[in-house]
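Text of upload29.pdb, listed as PDB, C-alpha atoms and all ligand atoms:
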```
ATOM      1  CA  MET A 249     -21.298   7.493  23.925
ATOM      2  CA  GLU A 250     -17.691   8.749  24.241
ATOM      3  CA  ALA A 251     -17.081   6.128  26.948
ATOM      4  CA  PHE A 252     -18.175   3.384  24.551
ATOM      5  CA  LEU A 253     -15.801   4.595  21.834
ATOM      6  CA  ASN A 254     -12.910   3.565  24.094
ATOM      7  CA  LYS A 255     -14.367   0.158  24.915
ATOM      8  CA  GLY A 256     -13.351  -3.107  23.234
ATOM      9  CA  ILE A 257     -15.847  -4.145  20.575
ATOM     10  CA  LYS A 258     -15.998  -7.728  21.876
ATOM     11  CA  GLU A 259     -16.975  -6.399  25.298
ATOM     12  CA  ILE A 260     -19.689  -4.216  23.746
ATOM     13  CA  ILE A 261     -21.008  -7.147  21.677
ATOM     14  CA  ASP A 262     -21.020  -9.387  24.777
ATOM     15  CA  GLN A 263     -23.104  -6.795  26.588
ATOM     16  CA  TYR A 264     -25.273  -5.777  23.613
ATOM     17  CA  PRO A 265     -25.360  -8.698  21.110
ATOM     18  CA  ASP A 266     -27.514  -6.695  18.652
ATOM     19  CA  VAL A 267     -24.511  -4.413  17.969
ATOM     20  CA  GLU A 268     -22.944  -7.284  16.002
ATOM     21  CA  LYS A 269     -25.959  -7.389  13.660
ATOM     22  CA  ILE A 270     -25.682  -3.623  13.097
ATOM     23  CA  LEU A 271     -21.956  -3.939  12.276
ATOM     24  CA  ASP A 272     -22.763  -6.786   9.865
ATOM     25  CA  GLN A 273     -25.087  -4.462   7.948
ATOM     26  CA  TYR A 274     -22.019  -2.336   7.198
ATOM     27  CA  ASP A 275     -19.857  -5.369   6.288
ATOM     28  CA  ILE A 276     -17.878  -4.982   9.501
ATOM     29  CA  GLY A 277     -17.647  -8.599  10.580
ATOM     30  CA  CYS A 278     -16.331  -8.135  14.112
ATOM     31  CA  GLY A 279     -17.848 -11.368  15.420
ATOM     32  CA  PRO A 280     -15.864 -13.852  13.299
ATOM     33  CA  CYS A 281     -12.920 -11.474  12.687
ATOM     34  CA  SER A 282     -10.047 -12.075  15.067
ATOM     35  CA  VAL A 283      -9.285  -8.337  14.949
ATOM     36  CA  GLY A 284     -12.493  -8.008  16.961
ATOM     37  CA  ILE A 285     -10.508  -6.989  20.038
ATOM     38  CA  CYS A 286     -10.301  -3.429  18.625
ATOM     39  CA  GLN A 287     -11.969  -0.563  20.415
ATOM     40  CA  LEU A 288     -15.156   0.851  18.889
ATOM     41  CA  LYS A 289     -13.356   4.068  17.878
ATOM     42  CA  ASP A 290     -10.638   2.048  16.048
ATOM     43  CA  ILE A 291     -13.308   0.198  14.105
ATOM     44  CA  VAL A 292     -14.852   3.443  12.962
ATOM     45  CA  ASP A 293     -11.404   4.711  11.932
ATOM     46  CA  ILE A 294     -10.042   1.485  10.411
ATOM     47  CA  HIS A 295     -13.084   0.731   8.252
ATOM     48  CA  ASN A 296     -13.239   4.319   6.930
ATOM     49  CA  LEU A 297     -16.937   4.413   6.122
ATOM     50  CA  PRO A 298     -18.287   7.435   4.247
ATOM     51  CA  GLU A 299     -19.230  10.082   6.845
ATOM     52  CA  ALA A 300     -23.018   9.763   6.403
ATOM     53  CA  GLN A 301     -22.805   5.988   6.852
ATOM     54  CA  GLU A 302     -20.560   6.350   9.888
ATOM     55  CA  GLN A 303     -23.084   8.707  11.535
ATOM     56  CA  GLU A 304     -25.924   6.324  10.712
ATOM     57  CA  LEU A 305     -23.989   3.362  12.152
ATOM     58  CA  MET A 306     -23.140   5.215  15.365
ATOM     59  CA  GLN A 307     -26.775   6.356  15.775
ATOM     60  CA  LYS A 308     -27.932   2.750  15.428
ATOM     61  CA  ILE A 309     -25.384   1.561  18.001
ATOM     62  CA  ALA A 310     -26.359   4.409  20.352
ATOM     63  CA  GLY A 311     -29.988   3.334  19.908
ATOM     64  CA  ILE A 312     -29.101  -0.099  21.274
ATOM     65  CA  ILE A 313     -26.902   1.095  24.128
ATOM     66  CA  TYR A 314     -29.121   4.035  25.162
ATOM     67  CA  PRO A 315     -32.630   3.104  23.937
ATOM     68  CA  GLY A 316     -35.065   6.030  23.737
ATOM     69  CA  GLN A 317     -32.390   8.644  24.496
ATOM     70  CA  ASP A 318     -31.170  11.390  22.212
ATOM     71  CA  VAL A 319     -27.407  10.762  22.033
ATOM     72  CA  LYS A 320     -24.969  13.263  20.504
ATOM     73  CA  ILE A 321     -22.506  11.614  18.107
ATOM     74  CA  ARG A 322     -19.253  13.391  17.424
ATOM     75  CA  SER A 323     -18.095  13.393  13.842
ATOM     76  CA  ALA A 324     -14.757  11.683  13.300
ATOM     77  CA  LYS A 325     -12.247  13.840  11.441
ATOM     78  CA  LYS A 326     -11.169  12.090   8.304
ATOM     79  CA  LYS A 327      -7.698  12.407   6.837
ATOM     80  CA  THR A 328      -8.883  11.410   3.388
ATOM     81  CA  PRO A 329     -12.298  10.715   1.918
ATOM     82  CA  ALA A 330     -13.549   7.174   2.281
ATOM     83  CA  ALA A 331     -12.532   4.972  -0.604
ATOM     84  CA  GLY A 332     -15.398   4.389  -2.991
ATOM     85  CA  GLY A 333     -15.040   1.068  -4.777
ATOM     86  CA  GLY A 334     -11.540  -0.244  -5.457
ATOM     87  CA  THR A 335      -8.790   0.867  -3.117
ATOM     88  CA  LYS A 336      -5.900   2.846  -4.540
ATOM     89  CA  PHE A 337      -2.757   1.912  -2.661
ATOM     90  CA  SER A 338       0.504   3.819  -2.351
ATOM     91  CA  PRO A 339       3.339   2.126  -4.346
ATOM     92  CA  PRO A 340       4.946   0.290  -1.372
ATOM     93  CA  MET A 341       1.566  -0.912  -0.114
ATOM     94  CA  GLN A 342       0.612  -2.003  -3.644
ATOM     95  CA  ARG A 343       3.808  -4.049  -3.704
ATOM     96  CA  LEU A 344       2.747  -5.989  -0.596
ATOM     97  CA  VAL A 345      -0.749  -6.500  -2.045
ATOM     98  CA  ASP A 346       0.848  -7.794  -5.281
ATOM     99  CA  GLU A 347       3.080 -10.166  -3.294
ATOM    100  CA  HIS A 348      -0.066 -11.642  -1.735
ATOM    101  CA  VAL A 349      -1.173 -12.890  -5.171
ATOM    102  CA  LEU A 350       1.341 -15.753  -5.342
ATOM    103  CA  ILE A 351       0.560 -16.771  -1.751
ATOM    104  CA  LYS A 352      -3.162 -16.765  -2.613
ATOM    105  CA  ARG A 353      -2.503 -18.931  -5.676
ATOM    106  CA  TRP A 354      -0.644 -21.442  -3.469
ATOM    107  CA  ILE A 355      -3.313 -21.596  -0.770
ATOM    108  CA  ALA A 356      -6.012 -21.980  -3.448
ATOM    109  CA  LEU A 357      -4.188 -25.152  -4.546
ATOM    110  CA  ILE A 358      -3.858 -26.639  -1.064
ATOM    111  CA  PRO A 359      -7.199 -28.597  -1.057
ATOM    112  CA  ARG A 360      -6.106 -30.306  -4.325
ATOM    113  CA  VAL A 361      -2.653 -30.990  -2.907
ATOM    114  CA  VAL A 362      -4.268 -32.538   0.182
ATOM    115  CA  ASP A 363      -6.602 -34.688  -1.975
ATOM    116  CA  HIS A 364      -3.581 -36.025  -3.888
ATOM    117  CA  LEU A 365      -1.212 -36.302  -0.938
ATOM    118  CA  ASP A 366       1.407 -38.952  -1.747
ATOM    119  CA  LEU A 367       4.069 -39.380   0.912
ATOM    120  CA  GLU A 368       5.350 -42.679  -0.483
ATOM    121  CA  SER A 369       6.948 -41.366  -3.663
ATOM    122  CA  ASP A 370       9.901 -38.956  -3.971
ATOM    123  CA  ASP A 371       7.849 -36.709  -6.273
ATOM    124  CA  GLY A 372       4.957 -36.580  -3.829
ATOM    125  CA  ARG A 373       7.231 -35.631  -0.916
ATOM    126  CA  GLN A 374       9.092 -33.112  -3.072
ATOM    127  CA  LEU A 375       5.824 -31.343  -3.883
ATOM    128  CA  ILE A 376       5.189 -30.777  -0.167
ATOM    129  CA  LEU A 377       8.808 -29.698   0.412
ATOM    130  CA  ASP A 378       8.476 -27.168  -2.436
ATOM    131  CA  GLY A 379       5.208 -25.838  -0.994
ATOM    132  CA  ILE A 380       6.803 -25.490   2.447
ATOM    133  CA  ASP A 381       9.790 -23.758   0.842
ATOM    134  CA  LEU A 382       7.415 -21.267  -0.826
ATOM    135  CA  ILE A 383       5.852 -20.486   2.544
ATOM    136  CA  ARG A 384       9.183 -20.150   4.349
ATOM    137  CA  SER A 385      11.210 -18.345   1.726
ATOM    138  CA  TYR A 386       8.613 -16.308  -0.144
ATOM    139  CA  ALA A 387       5.660 -15.784   2.214
ATOM    140  CA  ASP A 388       7.686 -15.523   5.392
ATOM    141  CA  ARG A 389      11.272 -14.350   4.781
ATOM    142  CA  TYR A 390      10.536 -12.232   1.702
ATOM    143  CA  HIS A 391       7.022 -10.924   2.420
ATOM    144  CA  HIS A 392       6.193 -11.092   6.146
ATOM    145  CA  ALA A 393       9.663  -9.825   7.012
ATOM    146  CA  LYS A 394       8.955  -6.634   5.021
ATOM    147  CA  GLU A 395       5.780  -6.158   7.027
ATOM    148  CA  GLU A 396       7.308  -6.919  10.417
ATOM    149  CA  ASP A 397      10.761  -5.352  10.069
ATOM    150  CA  ILE A 398       9.811  -2.273   8.057
ATOM    151  CA  LEU A 399       6.112  -1.383   7.637
ATOM    152  CA  PHE A 400       4.815  -2.229  11.120
ATOM    153  CA  GLU A 401       7.664  -0.200  12.658
ATOM    154  CA  TYR A 402       5.801   2.964  11.585
ATOM    155  CA  PHE A 403       2.864   2.103  13.848
ATOM    156  CA  ASP A 404       2.194   1.488  17.518
ATOM    157  CA  GLN A 405       3.707  -1.947  18.205
ATOM    158  CA  ASP A 406       1.363  -2.478  21.145
ATOM    159  CA  SER A 407      -1.803  -1.715  19.191
ATOM    160  CA  GLU A 408      -4.229  -4.597  19.153
ATOM    161  CA  ILE A 409      -4.494  -4.716  15.386
ATOM    162  CA  LEU A 410      -0.717  -5.170  15.003
ATOM    163  CA  GLN A 411      -0.636  -7.724  17.801
ATOM    164  CA  VAL A 412      -3.196  -9.766  15.858
ATOM    165  CA  MET A 413      -1.101  -9.527  12.671
ATOM    166  CA  TYR A 414       2.071 -10.649  14.489
ATOM    167  CA  GLN A 415       0.105 -13.482  16.090
ATOM    168  CA  ASP A 416      -1.162 -14.650  12.649
ATOM    169  CA  HIS A 417       2.440 -14.725  11.339
ATOM    170  CA  THR A 418       3.558 -16.721  14.394
ATOM    171  CA  THR A 419       0.660 -19.168  14.072
ATOM    172  CA  GLY A 420       1.578 -19.621  10.383
ATOM    173  CA  ARG A 421       5.187 -20.459  11.363
ATOM    174  CA  ASP A 422       3.895 -22.996  13.907
ATOM    175  CA  HIS A 423       1.793 -24.679  11.194
ATOM    176  CA  VAL A 424       4.866 -24.918   8.951
ATOM    177  CA  LYS A 425       6.925 -26.465  11.745
ATOM    178  CA  ALA A 426       4.174 -29.020  12.322
ATOM    179  CA  MET A 427       4.020 -29.735   8.543
ATOM    180  CA  VAL A 428       7.760 -30.494   8.426
ATOM    181  CA  GLU A 429       7.514 -32.812  11.455
ATOM    182  CA  ALA A 430       4.456 -34.593  10.020
ATOM    183  CA  LEU A 431       6.233 -35.055   6.690
ATOM    184  CA  ASP A 432       9.240 -36.603   8.470
ATOM    185  CA  ARG A 433       6.945 -39.067  10.237
ATOM    186  CA  GLN A 434       4.944 -39.647   7.020
ATOM    187  CA  ASP A 435       1.863 -38.669   9.025
ATOM    188  CA  ARG A 436      -0.668 -37.828   6.278
ATOM    189  CA  GLN A 437      -3.505 -36.838   8.585
ATOM    190  CA  THR A 438      -1.516 -34.269  10.597
ATOM    191  CA  LEU A 439       0.169 -32.884   7.486
ATOM    192  CA  ALA A 440      -3.221 -32.406   5.786
ATOM    193  CA  GLU A 441      -4.652 -30.739   8.892
ATOM    194  CA  HIS A 442      -1.827 -28.202   9.101
ATOM    195  CA  LEU A 443      -1.854 -27.476   5.374
ATOM    196  CA  LEU A 444      -5.599 -26.753   5.511
ATOM    197  CA  ALA A 445      -5.285 -24.761   8.731
ATOM    198  CA  TYR A 446      -2.522 -22.668   7.141
ATOM    199  CA  ARG A 447      -4.782 -22.032   4.141
ATOM    200  CA  GLU A 448      -7.631 -20.907   6.399
ATOM    201  CA  LEU A 449      -5.338 -18.666   8.466
ATOM    202  CA  LEU A 450      -3.615 -16.981   5.518
ATOM    203  CA  SER A 451      -6.861 -16.440   3.558
ATOM    204  CA  GLY A 452      -8.283 -14.429   6.436
ATOM    205  CA  HIS A 453      -4.962 -12.735   7.178
ATOM    206  CA  ILE A 454      -4.437 -11.519   3.619
ATOM    207  CA  GLN A 455      -8.035 -10.357   3.376
ATOM    208  CA  LYS A 456      -7.616  -8.318   6.580
ATOM    209  CA  GLU A 457      -4.423  -6.751   5.231
ATOM    210  CA  ASP A 458      -5.745  -5.991   1.735
ATOM    211  CA  GLU A 459      -9.142  -4.711   2.775
ATOM    212  CA  ILE A 460      -8.637  -3.165   6.196
ATOM    213  CA  LEU A 461      -5.096  -2.869   7.528
ATOM    214  CA  PHE A 462      -3.179  -1.590   4.480
ATOM    215  CA  PRO A 463      -5.815   0.998   3.435
ATOM    216  CA  TRP A 464      -5.849   2.247   7.052
ATOM    217  CA  MET A 465      -2.031   2.361   7.181
ATOM    218  CA  ASP A 466      -1.907   4.237   3.886
ATOM    219  CA  ARG A 467      -4.292   6.859   5.279
ATOM    220  CA  ASN A 468      -2.024   7.324   8.278
ATOM    221  CA  LEU A 469       1.373   7.529   6.568
ATOM    222  CA  SER A 470       2.732  10.896   5.417
ATOM    223  CA  THR A 471       3.957  11.320   1.826
ATOM    224  CA  SER A 472       7.568  11.329   3.004
ATOM    225  CA  GLN A 473       7.022   8.147   5.043
ATOM    226  CA  VAL A 474       5.560   6.454   1.946
ATOM    227  CA  GLY A 475       8.687   7.431  -0.030
ATOM    228  CA  GLU A 476      10.942   6.190   2.765
ATOM    229  CA  LEU A 477       9.032   2.915   2.925
ATOM    230  CA  PHE A 478       9.403   2.382  -0.811
ATOM    231  CA  ALA A 479      13.175   3.001  -0.603
ATOM    232  CA  LYS A 480      13.508   0.613   2.362
ATOM    233  CA  PHE A 481      11.602  -2.146   0.531
ATOM    234  CA  ASN A 482      13.906  -1.737  -2.493
ATOM    235  CA  GLU A 483      16.988  -1.777  -0.303
ATOM    236  CA  VAL A 484      16.002  -4.928   1.588
ATOM    237  CA  ASP A 485      14.989  -6.805  -1.607
ATOM    238  CA  LYS A 486      18.283  -5.856  -3.245
ATOM    239  CA  LYS A 487      20.275  -6.929  -0.197
ATOM    240  CA  ARG A 488      18.556 -10.311  -0.049
ATOM    241  CA  GLY A 489      18.930 -10.791  -3.817
ATOM    242  CA  PHE A 490      15.826 -12.942  -3.755
ATOM    243  CA  SER A 491      13.923 -13.796  -6.918
ATOM    244  CA  PRO A 492      10.365 -15.158  -6.778
ATOM    245  CA  ASP A 493      10.668 -16.773 -10.271
ATOM    246  CA  LYS A 494      11.263 -20.281  -8.964
ATOM    247  CA  TYR A 495       8.071 -20.085  -6.872
ATOM    248  CA  LEU A 496       6.051 -18.664  -9.742
ATOM    249  CA  LYS A 497       7.129 -21.618 -11.904
ATOM    250  CA  PHE A 498       6.218 -24.078  -9.141
ATOM    251  CA  ILE A 499       2.714 -22.585  -8.863
ATOM    252  CA  GLU A 500       2.173 -22.489 -12.639
ATOM    253  CA  LYS A 501       3.146 -26.158 -12.889
ATOM    254  CA  LEU A 502       0.796 -27.156 -10.068
ATOM    255  CA  GLU A 503      -2.087 -25.133 -11.504
ATOM    256  CA  LYS A 504      -1.661 -26.926 -14.822
ATOM    257  CA  GLN A 505      -1.396 -30.275 -13.079
ATOM    258  CA  PHE A 506      -4.474 -29.909 -10.889
ATOM    259  CA  ASN A 507      -6.992 -27.523 -12.345
ATOM    260  CA  PRO A 508      -6.164 -24.601 -14.573
ATOM    261  CA  GLN A 509      -9.501 -22.930 -13.702
ATOM    262  CA  GLU A 510      -9.078 -23.079  -9.959
ATOM    263  CA  GLY A 511      -5.580 -21.794  -9.524
ATOM    264  CA  LYS A 512      -5.963 -18.074  -9.999
ATOM    265  CA  ASP A 513      -8.734 -17.116  -7.658
ATOM    266  CA  GLY A 514      -9.169 -17.377  -3.897
TER     267      GLY A 514
HETATM  268 FE    FE B   1       1.020 -10.240   7.176
HETATM  269 FE    FE B   2       0.920  -9.726   3.965
END
```

Write the structure described by the file as structure tokens, please.
Amino acid sequence: MEAFLNKGIKEIIDQYPDVEKILDQYDIGCGPCSVGICQLKDIVDIHNLPEAQEQELMQKIAGIIYPGQDVKIRSAKKKTPAAGGGTKFSPPMQRLVDEHVLIKRWIALIPRVVDHLDLESDDGRQLILDGIDLIRSYADRYHHAKEEDILFEYFDQDSEILQVMYQDHTTGRDHVKAMVEALDRQDRQTLAEHLLAYRELLSGHIQKEDEILFPWMDRNLSTSQVGELFAKFNEVDKKRGFSPDKYLKFIEKLEKQFNPQEGKDG
């Protein structure tokens, strides 16, 4: 079983498709999740299941890989107990989770924006320019930069999970570039496609960070690293002198304009 712990989960699922069904029972969606290139041992660590559940999961997987054999499962040493219910984040991690809220409110509005796409009028074009500005200035320069330049530096840059996060950020930037070009050409179809693709990408990305990556990072940072992180976030925000107010107002206006019920979830 030890050998399988160091194998990529995709490879294991390819060889033993039933493993994916077992993981699904524990809400570990490795099939559709693009982080599915992790090794089996990372999955056990990253998802932080309660110990009894982890043992049960590993026994079920062993049952598929070694049917009819009695396989010894080593118990993973946990740094902290598994989170039961809502996750309690450290202050710097909570800040990143809070910053996601405005991005989530924007991407929740995107289908409405696409339905009402108006590239003929100045107001219609300005709406798209403002949305792109929110992505570039708030989501990317203000938020993703804190992740890439500060938080991720505390972890193994070559790890697969971080590579996937960097790749998501890069793909998001490519969508924005394509949006700007489509807007210049007044190409509605391409603009709509990239807006919706960005929404899809960021929804999954934020969910991975909030539910898997950040809780795992918090469990692996020491108390002094958490303090250092908090100070570095403050320092960088102060240096940039950036205020999210303008973007908050933009979102509030759009939510009122389109559908006050729909804006705040998703
Ligand atoms: Fe991110
Ligand atoms: Fe993020």

Extract, using all atoms listed in the file, all DNA, RNA and protein residues at most 12 Å from Gln301 in chain A, discarding same-chain residues fewer than 3 positions from it, and format them as a ChimeraX atom specification.
/A:270-271,273-275,292,295-298,304-308,323-324,330

Which is closer to ligand FE 1 (chain B) than all the others in A:Tyr390, A:Trp464, A:Phe490, A:Phe506, using only C-alpha atoms and all ligand atoms?
A:Tyr390

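A cut-off of 8 Å from the point (1.4, -27.8, -3.5), with all atoms listed in the file, picks out the residues Trp354, Leu357, Ile358, Arg360, Val361, Leu375, Ile376, Asp378, Gly379, Ile499 and Leu502 of chain A.
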
List the spatial neighbours of Asp388 in chain A as a PyMOL selection string - criterion: any atom at most 8 Å away, all atoms listed in the file, same-chain residues fewer than 5 positions off excluded.
chain A and resi 383+393+417

Selection result of the PyMOL selection byres (((not hetatm)) within 8 of (chain B and resi 2)) on this file, as a ChimeraX atom specification
/A:344-345,347-348,387,391-392,395,453-454,457-458

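Non-sequential neighbours of range 313-316 of chain A (distance at most 9 Å, separation of 2 or more positions within a chain, all atoms listed in the file) are Met249, Ile260, Tyr264, Val267, Lys308, Ile309, Ala310, Gly311, Asp318 and Val319 of chain A.
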
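Among the candidates A:Glu483, A:Asp422, A:Asp266, A:Asp363, the residue lying nearest to Tyr446 in chain A is A:Asp422 (atoms considered: all atoms listed in the file).
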
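Remark: for ligand FE 1 (chain B), the closest of the candidate residues A:Glu396, A:Glu429, A:Glu268, A:Glu459 is A:Glu396 (distances computed over only C-alpha atoms and all ligand atoms).
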
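Remark: for ligand FE 1 (chain B), the closest of the candidate residues A:Asp366, A:Glu500, A:Asp371, A:Asp397 is A:Asp397 (distances computed over all atoms listed in the file).
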
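Distance check against ligand FE 1 (chain B) using all atoms listed in the file: of A:Lys425, A:Lys258, A:Arg389, A:Arg433, the minimum falls on A:Arg389.
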
Excluding Leu477 in chain A and any residue of its chain fewer than 2 positions from it, enumerate the residues within 9 Å of it, using only C-alpha atoms, and give them as a VMD selection string.
chain A and resid 340 to 341 398 to 399 472 to 475 479 to 482

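Distances from A:Gln455, A:Asn468, A:Asn254, A:Gln303 to ligand FE 1 (chain B) were compared using all atoms listed in the file, and the smallest one belongs to A:Gln455.
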
Just give me the gap between CA of Arg373 in chain A and CA of Val428 in chain A in Å, one decimal is fine.
10.7 Å
